[in-house]
Amino acid sequence: MPHTVASLLIETLEQIGVKQIFALIGDSLNPLADAVRHSSIEWIGVRHEEGAALAAAGQAKLTGRLAVCAGTTGPGSTHLVAGLYEAARDHAPVLALSGDMPRKLQGMDYIQATKPDLLFRDVSLYTETILTPQQAPALIHRAIASAYAGRGVAHLTLPQDVMNANTGKQISSIKTLKPRSEFAANNEDIAEIARYIDSVNNIVIMCGAGCHGMAEDLRVLSDKLKAPLIHTVKGKDIMAYDDPHWMGGIGMIGTKAVYNAVMNCELLLMIGTDYPYSEYLPDKAIVIQIDERAEILGRRTPTIYGAAGSAKPTLKLLIKQLAQKNQSDFFDKVSVERQHWDQMLDKQADLNRSDDRIHPQAVARLASDLAKPDAVFVLDTGLNTLWSGNWLRQRGTQRILGSFNNAAVGTALGQANGIQALDRKRQVIALCGDGGFNMLMSEFMTAVHHKLPVKIIIYNNSSFGLISLEAESIGLPPFREGIQFPNPDFAALARACGGHGFTAKKPGDLKSAISEAFAVEGPVIVDAVVVADEIPNLPHFDMKTIGNVAYAKIREALLDVMGS
């Protein structure tokens, strides 16, 4: 039986293990959808194409394997682009498919006409239009290979008439389409890093996303060097929050103990991370970086030595060459400071802290305490990221994902849908700000439609909280007309869509609302009404910023009195 381009593409995706395609159907995608109908791949019809791209990004981030999304001609494809930045910036392999008008209509300013190869160029490692059925096998192979090799987005434009055309060719070399292999740094680099480490005493080990699956290796390294382990937000879930080696995060999602340790250590060893916030990195200590992406070495802070290599095989070789250290004063000091910081976090998350108001820290803490041991948390972007990132107590068997490089608001629900589609029995919890949830709330209907039992908890403070904090940090009173907004009844919305909804307005409501939400089947929204004026803990707040915030608060008070 002759293959159409569409059926050849779908068969290839089946062979490499793709389970779903996230898309919103349109006329130019009809040949693709017909091929899916005759396959084992599940078509998940979203309510907005950005939701399709986010779902694919969430899947790819969690698994490291190719995920697929599609949009139809013109606006259907342009909607994909915003969501695809999530995969591009977080280095997740995604194949994006754009339907397009038949070739005979192209170049004539026809309705919905775009230039997809130009449109997708910034977000894609590879973008190409399949112009003839004879091209299809080679271009499909190259697109998938590019997404895996660069860990990012590859894009194909598929004119409707080409998708329907027969192709007599098969795609060869299918088994080459897989995630790239890990590799160790070379022996000379490992020996040089060992020499630097052996020459100092006070060492901090910074663990990024590249260290996932390495908890035991990192503990061995920490014990050998008497060095505290710290993490970026993307590495937070590598170990349980209460592991004695695991001292906490760095930056706004971090601790004072870690900030002090980094600024006072003799050597900072950065492993599997391209942490972007240079103001939290030392400029006097020796910095050594290990990462499989050679192009990122040394770009965030002055670095005395960098080695290109994957974290796990490189560390296994490095540990064998390092001398055992016996002095633990530095480690012990950081550990004590970490315990004091944790005690402060516990007090702020205490549900009984106020009689009549819910503090956002309590929402995050309860969500993590009540979650299943293998739950996946998906964090949205905004002030809610600080509540979730700092107050979740991960257990080492859970995962935490978010828009950590793209920092896009409104991405959590879409990503959660994609992750939930992989396993409908696994608990997936989306922690959202109200502003972000409002942006793509239609994707809750995607969850209802496709029986994706995501659990959504909304920090409802009727404002863009982080924008207020950012304004105050530069001495400006927040522009309330642009920051504050009304919200719907989120619990009623959930029920109207066919899901479950719970509301918590008082501390006494919160535990039962989250417990019931986690117990029921199907998608759920918990509307947690939290105080709007809570200020997060910031491990490093310089005097200028403190002065700016104080000045902004005075100006806010005057505006309240004067009315303008």
# chains A, B, ... in the order shown; residues from 1 in each chain; ligands from 1
$ residues_around --residues "A:Asp527" --least-positions-apart "3" --cutoff "8 Å" --atoms "only C-alpha atoms" --output "JSON, numbers by chain"
{"A": [457, 458, 459, 460, 489, 490, 491, 501, 502, 503, 504]}
$ write_last_selection --atoms "C-alpha atoms" --output "PDB file, in the first residue's frame"
ATOM      1  CA  ILE A 457      -4.027  25.059  42.905  1.00  0.00           C
ATOM      2  CA  ILE A 458      -4.431  28.791  42.307  1.00  0.00           C
ATOM      3  CA  TYR A 459      -2.850  31.445  44.519  1.00  0.00           C
ATOM      4  CA  ASN A 460      -5.700  33.934  44.250  1.00  0.00           C
ATOM      5  CA  ASP A 489     -15.116  32.070  40.923  1.00  0.00           C
ATOM      6  CA  PHE A 490     -12.484  29.514  39.950  1.00  0.00           C
ATOM      7  CA  ALA A 491     -14.177  26.631  41.774  1.00  0.00           C
ATOM      8  CA  GLY A 501     -13.798  22.838  42.266  1.00  0.00           C
ATOM      9  CA  PHE A 502     -12.949  23.722  45.865  1.00  0.00           C
ATOM     10  CA  THR A 503     -12.514  27.094  47.550  1.00  0.00           C
ATOM     11  CA  ALA A 504     -10.447  28.045  50.590  1.00  0.00           C
TER      12      ALA A 504
END
$ select_by_dssp --residues "stretch 49-167 of chain A" --states "alpha helix (DSSP H)" --output "PyMOL selection string"
chain A and resi 49-63+75-89+116-119+136-150+160-163
$ residues_around --residues "A:Asn201" --least-positions-apart "2" --cutoff "8 Å" --atoms "only C-alpha atoms" --output "mmCIF file with C-alpha atoms, in the first residue's frame"
data_model
loop_
_atom_site.group_PDB
_atom_site.id
_atom_site.type_symbol
_atom_site.label_atom_id
_atom_site.label_comp_id
_atom_site.auth_asym_id
_atom_site.auth_seq_id
_atom_site.Cartn_x
_atom_site.Cartn_y
_atom_site.Cartn_z
ATOM 1 C CA ILE A 197 40.007 20.963 44.377
ATOM 2 C CA ASP A 198 42.786 19.275 46.341
ATOM 3 C CA SER A 199 44.495 22.645 46.864
ATOM 4 C CA ILE A 203 34.231 24.097 48.684
ATOM 5 C CA LEU A 225 35.167 16.952 50.102
ATOM 6 C CA GLU A 266 37.338 29.168 48.303
ATOM 7 C CA LYS A 325 39.214 15.909 53.123
ATOM 8 C CA GLN A 327 37.973 19.211 58.024
#
$ residues_around --residues "A:Val258" --least-positions-apart "6" --cutoff "10 Å" --atoms "only C-alpha atoms" --output "PyMOL selection string"
chain A and resi 204+206+228-231+247-251+264+280+334-335+337-338+539
$ closest_atom_pairs --of "stretch 310-392 of chain A" --to "stretch 437-450 of chain A" --cutoff "12 Å" --atoms "only C-alpha atoms" --output "CSV"
residue,atom,partner,partner_atom,distance
A:Leu379,CA,A:Phe437,CA,11.2
A:Asp380,CA,A:Phe437,CA,8.5
A:Thr381,CA,A:Phe437,CA,10.2
A:Gly382,CA,A:Phe437,CA,11.2
A:Asn384,CA,A:Phe437,CA,11.3
$ residues_around --residues "A:Asp237" --least-positions-apart "6" --cutoff "8 Å" --atoms "only C-alpha atoms" --output "compact mmCIF listing (two decimals) with N, CA and C atoms, in the first residue's frame"
# COMPACT_ATOMS: atom_id res chain seq x y z
N GLN A 394 10.22 18.84 48.75
CA GLN A 394 10.29 17.69 47.86
C GLN A 394 10.93 16.50 48.57
N ARG A 395 10.57 15.30 48.10
CA ARG A 395 10.99 14.08 48.81
C ARG A 395 12.08 13.31 48.08
N GLY A 396 12.56 13.82 46.97
CA GLY A 396 13.61 13.12 46.25
C GLY A 396 13.08 12.14 45.22
N THR A 397 11.80 11.79 45.32
CA THR A 397 11.16 10.90 44.34
C THR A 397 10.14 11.65 43.50
N GLN A 398 9.98 12.94 43.78
CA GLN A 398 9.05 13.78 43.03
C GLN A 398 9.82 14.61 42.01
N ARG A 399 9.10 15.20 41.09
CA ARG A 399 9.72 16.09 40.11
C ARG A 399 9.10 17.47 40.20
N ILE A 400 9.90 18.49 39.89
CA ILE A 400 9.44 19.88 39.89
C ILE A 400 9.86 20.50 38.57
$ atom_distance --atom1 "atom CA of A:Pro453" --atom2 "atom CA of A:Val428"
7.7 Å
$ select_by_dssp --residues "stretch 202-395 of chain A" --states "strand (DSSP E)" --output "VMD selection string"
chain A and resid 203 to 207 229 to 231 246 to 249 267 to 271 286 to 291 305 to 308 376 to 379
